[in-house]
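> My questions will all concern the structure given below.
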Amino acid sequence: MAKRSSTSERTKQIALVALGVLLLGAVVYQFFLSGPAAKPKRTTQPGALAAGSSTASNSAAPAAPKARQLGAAAQQEAMMQALLSDTTPLNLRMASGGGKTESGARGNIFGYYKPPPPPPAKQPDPPPIQLTSLQPQTAVAGTPKPVTLVVTGNKIPADAQMFIDGSPRATKRISETQLSTVISPADYSSARGMNIDVKSKSNPAENSNSIQFLVQQAPEPQFIFKGRLGSVNQPQYHYAVVELNSTKEIKRAKVGDTIMGIWRVDAITADGIEVTLTQYDIKRRVQLQERK
């Protein structure tokens with residue numbers, strides 16, 4: 001009984017070993033010795049296509065999702081390769097002074113939009129009367145004589161009148177292109193600009209452009225009166241002692257002499273001297289400057 005049981009156990013062991021060897025051989029053959037399965041040949045015959053349509057659709061249906069996944073991956077890979085192969089430099093220039101920078105094919109990351117400026121306002125039409133010149137153009141304030149102003153222009157009407165700072169003036173027509181008026185010393189007693197224009201008496205809308213007459217500041221004596229020399233009873237022999245501002249040089253001058261070549265001495269007193277600017281006949285008084 002014991003001998004029969006031992007023989008049965010050995011037989012089972014031999015069978016298990018043989019079965020394991022067969023299983024191992026099948027695995028080796030399946031993964032290492034067998035080739036890939038042959039793909040079915042495609043046919044363009046209409047009959048074959050119709051006959052195997054159901055079988056082909058059944059067999060191809062499970063593989064469709066895998067094909068779509070591979071297509072999306074291939075598209076992403078192609079896009080990545082295209083981006084990596086683009087070597088066009090980016091436009092990184094900053095916008096200077098505002099406005100919109102020029103952008104290349106790939107854009108400009110620093111560019112920003114600024115609306116264009118509004119169109120310039122329409123310039124008014126020129127006046128009908130065109131003044132081209134004025135003589136004289138300047139005068140010195142304080143000159144004790146009248147000045148005749150003459151304007152020259154085009155399209156001056158027969159009844160034209162000159163205006164100074166908006167006030168009408170007595171006007172003389174010299175010719176078809178020239179008018180004149182006279183200003184008194186009181187009209188230009190101070191330094192300023194005076195606007196000269198022309199208008200028609202019958203039609204004020206027929207006016208002209210404006211020309212400026214410039215009144216300059218009168219020069220002042222550039223010396224100091226330091227005192228008087230001479231006898232009190234003989235004023236004709238008196239001398240004025242002056243000091244030049246620029247050089248501090250001391251000069252003596254009697255009545256009729258000129259100081260600095262332009263100021264004539266008219267009178268000498270104990271507290272000042274009377275002088276005249278010979279170029280413009282402008283009179284000034286220079287007070288005595290007390291010694292410090």
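By order of appearance in the structure tokens: chains A, B, ..., then residues from 1 within every chain, and ligands from 1 in the order shown.
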Report as a Markdown table: every residue of range 181-246 of chain A with an atom at most 12 Å from range 140-154 of chain A, its closest pair of atoms, and their distance in Å to one decimal, counting only C-alpha atoms, with rows sorted by chain and ascending residue number.

```
| residue | atom | partner | partner_atom | distance |
| --- | --- | --- | --- | --- |
| A:Thr181 | CA | A:Leu149 | CA | 5.4 |
| A:Val182 | CA | A:Thr148 | CA | 4.4 |
| A:Ile183 | CA | A:Val147 | CA | 5.4 |
| A:Ser184 | CA | A:Pro146 | CA | 4.4 |
| A:Pro185 | CA | A:Pro146 | CA | 5.5 |
| A:Ala186 | CA | A:Gly142 | CA | 8.2 |
| A:Asp187 | CA | A:Pro146 | CA | 8.9 |
| A:Tyr188 | CA | A:Ala141 | CA | 5.6 |
| A:Ser189 | CA | A:Ala141 | CA | 4.8 |
| A:Ser190 | CA | A:Ala141 | CA | 5.1 |
| A:Ala191 | CA | A:Ala141 | CA | 5.7 |
| A:Arg192 | CA | A:Ala141 | CA | 8.7 |
| A:Gly193 | CA | A:Ala141 | CA | 11.1 |
| A:Met194 | CA | A:Leu149 | CA | 11.5 |
| A:Asn195 | CA | A:Leu149 | CA | 11.8 |
| A:Ile196 | CA | A:Val151 | CA | 8.5 |
| A:Asp197 | CA | A:Val151 | CA | 8.7 |
| A:Val198 | CA | A:Val151 | CA | 9.0 |
| A:Asn207 | CA | A:Asn154 | CA | 11.5 |
| A:Ser208 | CA | A:Gly153 | CA | 9.0 |
| A:Asn209 | CA | A:Gly153 | CA | 9.8 |
| A:Ser210 | CA | A:Val151 | CA | 10.5 |
| A:Ile211 | CA | A:Val151 | CA | 8.7 |
| A:Gln212 | CA | A:Val151 | CA | 10.9 |
| A:Phe213 | CA | A:Leu149 | CA | 8.9 |
| A:Leu214 | CA | A:Val140 | CA | 8.6 |
| A:Val215 | CA | A:Val140 | CA | 5.6 |
| A:Gln216 | CA | A:Val140 | CA | 4.8 |
| A:Gln217 | CA | A:Ala141 | CA | 5.6 |
| A:Ala218 | CA | A:Ala141 | CA | 5.4 |
| A:Pro219 | CA | A:Val140 | CA | 8.7 |
| A:Glu220 | CA | A:Gly142 | CA | 11.3 |
```
> Can those selected residues be exported to a file as an mmCIF file, in the first residue's frame so that it contains C-alpha atoms?

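Below is the file out_3.cif, written as the result:
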```cif
data_model
loop_
_atom_site.group_PDB
_atom_site.id
_atom_site.type_symbol
_atom_site.label_atom_id
_atom_site.label_comp_id
_atom_site.auth_asym_id
_atom_site.auth_seq_id
_atom_site.Cartn_x
_atom_site.Cartn_y
_atom_site.Cartn_z
ATOM 1 C CA THR A 181 -0.319 159.223 -40.875
ATOM 2 C CA VAL A 182 1.486 161.347 -38.278
ATOM 3 C CA ILE A 183 2.020 160.376 -34.636
ATOM 4 C CA SER A 184 2.912 162.966 -31.992
ATOM 5 C CA PRO A 185 5.590 162.630 -29.270
ATOM 6 C CA ALA A 186 2.804 161.871 -26.796
ATOM 7 C CA ASP A 187 1.749 158.873 -28.918
ATOM 8 C CA TYR A 188 5.118 157.165 -28.399
ATOM 9 C CA SER A 189 6.292 158.586 -25.070
ATOM 10 C CA SER A 190 6.840 155.115 -23.583
ATOM 11 C CA ALA A 191 8.458 151.927 -24.849
ATOM 12 C CA ARG A 192 5.878 149.547 -26.359
ATOM 13 C CA GLY A 193 4.646 147.966 -29.578
ATOM 14 C CA MET A 194 1.992 149.767 -31.659
ATOM 15 C CA ASN A 195 -0.180 147.791 -34.117
ATOM 16 C CA ILE A 196 -0.835 149.481 -37.464
ATOM 17 C CA ASP A 197 -3.616 148.259 -39.786
ATOM 18 C CA VAL A 198 -5.902 149.574 -42.542
ATOM 19 C CA ASN A 207 -9.508 145.154 -43.622
ATOM 20 C CA SER A 208 -5.793 144.345 -43.605
ATOM 21 C CA ASN A 209 -3.167 142.442 -41.709
ATOM 22 C CA SER A 210 -1.375 144.190 -38.845
ATOM 23 C CA ILE A 211 2.180 145.590 -38.870
ATOM 24 C CA GLN A 212 3.916 146.521 -35.608
ATOM 25 C CA PHE A 213 5.657 149.816 -34.939
ATOM 26 C CA LEU A 214 8.226 149.342 -32.144
ATOM 27 C CA VAL A 215 8.896 152.129 -29.631
ATOM 28 C CA GLN A 216 12.285 151.611 -27.981
ATOM 29 C CA GLN A 217 13.315 152.665 -24.487
ATOM 30 C CA ALA A 218 15.288 155.907 -24.452
ATOM 31 C CA PRO A 219 18.928 155.611 -23.323
ATOM 32 C CA GLU A 220 19.913 157.055 -19.957
#
```
> Excluding Lys254 in chain A and its own-chain neighbours fewer than 6 positions away, which residues fall within 10 Å of it when counting only C-alpha atoms? Please give them as an MDAnalysis selection string.
chainID A and resid 228:229 235:241 264:268
> Take the selection from the previous step and output its residues with C-alpha atoms, as a PDB file, in the first residue's frame.

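The result, stored in selection-v8.pdb:
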```pdb
ATOM      1  CA  ARG A 228      30.862 171.513  -9.487  1.00  0.00           C
ATOM      2  CA  LEU A 229      34.137 173.418  -9.900  1.00  0.00           C
ATOM      3  CA  PRO A 235      28.789 180.311 -13.813  1.00  0.00           C
ATOM      4  CA  GLN A 236      30.087 180.515 -17.377  1.00  0.00           C
ATOM      5  CA  TYR A 237      33.376 179.118 -16.129  1.00  0.00           C
ATOM      6  CA  HIS A 238      31.876 176.328 -14.055  1.00  0.00           C
ATOM      7  CA  TYR A 239      32.926 172.735 -14.650  1.00  0.00           C
ATOM      8  CA  ALA A 240      30.895 169.625 -13.939  1.00  0.00           C
ATOM      9  CA  VAL A 241      32.833 166.759 -12.426  1.00  0.00           C
ATOM     10  CA  ARG A 264      25.741 167.708 -24.380  1.00  0.00           C
ATOM     11  CA  VAL A 265      26.015 169.757 -21.161  1.00  0.00           C
ATOM     12  CA  ASP A 266      23.330 172.494 -21.170  1.00  0.00           C
ATOM     13  CA  ALA A 267      23.526 173.783 -17.566  1.00  0.00           C
ATOM     14  CA  ILE A 268      25.491 173.177 -14.382  1.00  0.00           C
TER      15      ILE A 268
END
```
> Show me, as a CSV table (one decimal) with C-alpha atoms, in the first residue's frame, the residues that have an atom within 9 Å of Lys155 in chain A when counting only C-alpha atoms, minus same-chain residues fewer than 2 positions from it.

```
chain,number,residue,atom,x,y,z
A,128,PRO,CA,-8.5,141.5,-48.4
A,129,ILE,CA,-5.9,144.2,-47.9
A,130,GLN,CA,-2.3,143.0,-47.7
A,153,GLY,CA,0.4,147.3,-49.5
A,157,PRO,CA,-9.3,150.8,-51.4
A,176,GLU,CA,-2.7,153.4,-54.8
A,177,THR,CA,-0.3,151.3,-52.7
```
> Figure out the distance between CA of Thr88 in chain A and CA of Lys114 in chain A, please, to one decimal in Å.
26.6 Å
> If you run DSSP on the backbone, which residues of range 82-244 of chain A are strand (DSSP E), as a PyMOL selection string?
chain A and resi 130-135+138-140+147-154+160-164+167-168+172-173+178-183+192-200+211-216+223-229+239-244
